[in-house]
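Raw contents of model07.txt, compact mmCIF, C-alpha atoms:
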```
# COMPACT_ATOMS: atom_id res chain seq x y z
CA MET A 277 -9.26 105.14 52.68
CA ASP A 278 -11.34 108.24 52.91
CA SER A 279 -15.06 107.98 52.36
CA GLN A 280 -15.05 110.36 49.37
CA PHE A 281 -12.59 108.11 47.52
CA LEU A 282 -14.55 104.96 48.33
CA THR A 283 -17.76 106.63 47.17
CA GLU A 284 -16.06 107.54 43.90
CA ILE A 285 -14.94 103.92 43.42
CA MET A 286 -18.46 102.66 44.17
CA GLU A 287 -19.98 105.08 41.66
CA ILE A 288 -17.55 104.04 38.93
CA ASN A 289 -18.25 100.37 39.65
CA GLU A 290 -22.00 101.04 39.45
CA LYS A 291 -21.59 102.84 36.11
CA LEU A 292 -19.54 99.92 34.85
CA ALA A 293 -22.17 97.41 35.96
CA GLU A 294 -24.87 99.40 34.17
CA ALA A 295 -22.82 100.17 31.04
CA GLN A 296 -24.53 98.74 27.96
CA GLY A 297 -22.60 100.03 24.99
CA GLU A 298 -19.12 100.67 23.74
CA ILE A 299 -19.52 104.43 24.21
CA ALA A 300 -20.40 104.01 27.89
CA MET A 301 -17.47 101.64 28.37
CA LYS A 302 -15.04 104.04 26.69
CA GLU A 303 -16.28 106.88 28.88
CA ILE A 304 -15.62 104.87 32.04
CA GLU A 305 -12.27 103.71 30.69
CA SER A 306 -11.31 107.31 29.99
CA ILE A 307 -12.20 108.37 33.54
CA VAL A 308 -10.16 105.52 35.01
CA ARG A 309 -7.14 106.24 32.81
CA ALA A 310 -7.22 109.92 33.78
CA LYS A 311 -7.37 109.00 37.47
CA GLN A 312 -4.49 106.54 37.06
CA LYS A 313 -2.39 109.21 35.34
CA GLU A 314 -3.15 111.71 38.09
CA LEU A 315 -2.27 109.17 40.79
CA THR A 316 0.92 108.16 38.98
CA ASP A 317 2.02 111.80 38.91
CA ASP A 318 1.14 112.18 42.59
CA VAL A 319 3.10 109.04 43.52
CA SER A 320 6.15 110.34 41.67
CA ARG A 321 5.96 113.60 43.59
CA ALA A 322 5.53 111.76 46.89
CA PHE A 323 8.64 109.66 46.22
CA GLU A 324 10.61 112.75 45.19
CA ARG A 325 9.76 114.30 48.57
CA ASP A 326 10.52 111.05 50.45
CA ASN A 327 6.91 111.00 51.61
CA PHE A 328 6.56 107.23 51.67
CA GLU A 329 3.32 107.17 53.65
CA LYS A 330 1.64 109.32 51.02
CA ALA A 331 3.11 107.16 48.24
CA LYS A 332 1.75 104.04 49.95
CA GLU A 333 -1.71 105.60 50.22
CA LEU A 334 -1.66 106.61 46.56
CA LEU A 335 -0.48 103.19 45.42
CA THR A 336 -3.37 101.63 47.32
CA LYS A 337 -5.77 103.94 45.48
CA MET A 338 -4.13 102.97 42.19
CA ARG A 339 -4.85 99.33 42.98
CA TYR A 340 -8.58 100.11 43.20
CA PHE A 341 -8.49 101.72 39.75
CA SER A 342 -6.41 98.83 38.40
CA ASN A 343 -9.14 96.45 39.56
CA ILE A 344 -11.72 98.52 37.70
CA GLU A 345 -9.53 98.38 34.57
CA GLU A 346 -9.54 94.59 34.83
CA LYS A 347 -13.33 94.57 35.14
CA ILE A 348 -13.55 96.73 32.02
CA LYS A 349 -11.33 94.29 30.10
CA LEU A 350 -13.42 91.35 31.23
CA LYS A 351 -16.65 93.09 30.29
CA LYS A 352 -15.31 93.77 26.79
CA ILE A 353 -14.58 90.08 26.19
CA PRO A 354 -17.67 88.40 24.74
CA LEU A 355 -18.65 85.18 26.43
```
The structure given in the file should be rewritten as structure tokens.
Amino acid sequence: MDSQFLTEIMEINEKLAEAQGEIAMKEIESIVRAKQKELTDDVSRAFERDNFEKAKELLTKMRYFSNIEEKIKLKKIPL
């Protein structure tokens, strides 16, 4: 993973940890969904070009965003 991507993931995780209201949560959720859509489109293109290494890299990135989506779901559930 490149350092720029990992920095982006860290920043989103920090925002999520600090998020205190529904508006902040929705903002983070919107960012993550947009990134997932972008990555999904990129993966499709990589497969169409038989670029399996690129597809593998993109799927790994998608997993990071999927983990953030799970954290968002858990944070929304009141304890």
Judged by all atoms listed in the file, the minimum distance to Ile353 in chain A among A:Glu298, A:Leu335, A:Phe328, A:Leu315 is found for A:Glu298
Rank nothing, just name the residue among A:Lys291, A:Lys332, A:Arg339, A:Arg325 nearest to Lys311 in chain A, using all atoms listed in the file.
-> A:Arg339
For CA of Lys347 in chain A and CA of Met277 in chain A, quote the distance in Å rounded to one decimal.
->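 Spanning CA of Lys347 in chain A to CA of Met277 in chain A is a straight-line distance of 20.9 Å.
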Residues within 12 Å of Asn343 in chain A, all atoms listed in the file, excluding chain neighbours under 5 positions, as a tab-separated table (two decimals) with C-alpha atoms, in the frame of the given file:
```tsv
chain	number	residue	atom	x	y	z
A	285	ILE	CA	-14.94	103.92	43.42
A	288	ILE	CA	-17.55	104.04	38.93
A	289	ASN	CA	-18.25	100.37	39.65
A	292	LEU	CA	-19.54	99.92	34.85
A	305	GLU	CA	-12.27	103.71	30.69
A	308	VAL	CA	-10.16	105.52	35.01
A	312	GLN	CA	-4.49	106.54	37.06
A	336	THR	CA	-3.37	101.63	47.32
A	337	LYS	CA	-5.77	103.94	45.48
A	338	MET	CA	-4.13	102.97	42.19
A	348	ILE	CA	-13.55	96.73	32.02
A	349	LYS	CA	-11.33	94.29	30.10
A	350	LEU	CA	-13.42	91.35	31.23
```
Counting only C-alpha atoms, figure out which residue out of A:Leu334, A:Ala322, A:Ile307, A:Ile299 gets nearest to Glu287 in chain A.
->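 Smallest separation from Glu287 in chain A among the options: A:Ile307.
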Nearest to Ala310 in chain A: which of A:Phe323, A:Lys351, A:Phe341, A:Thr283 is it, counting only C-alpha atoms?
->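 Using only C-alpha atoms, the shortest distance to Ala310 in chain A belongs to A:Phe341.
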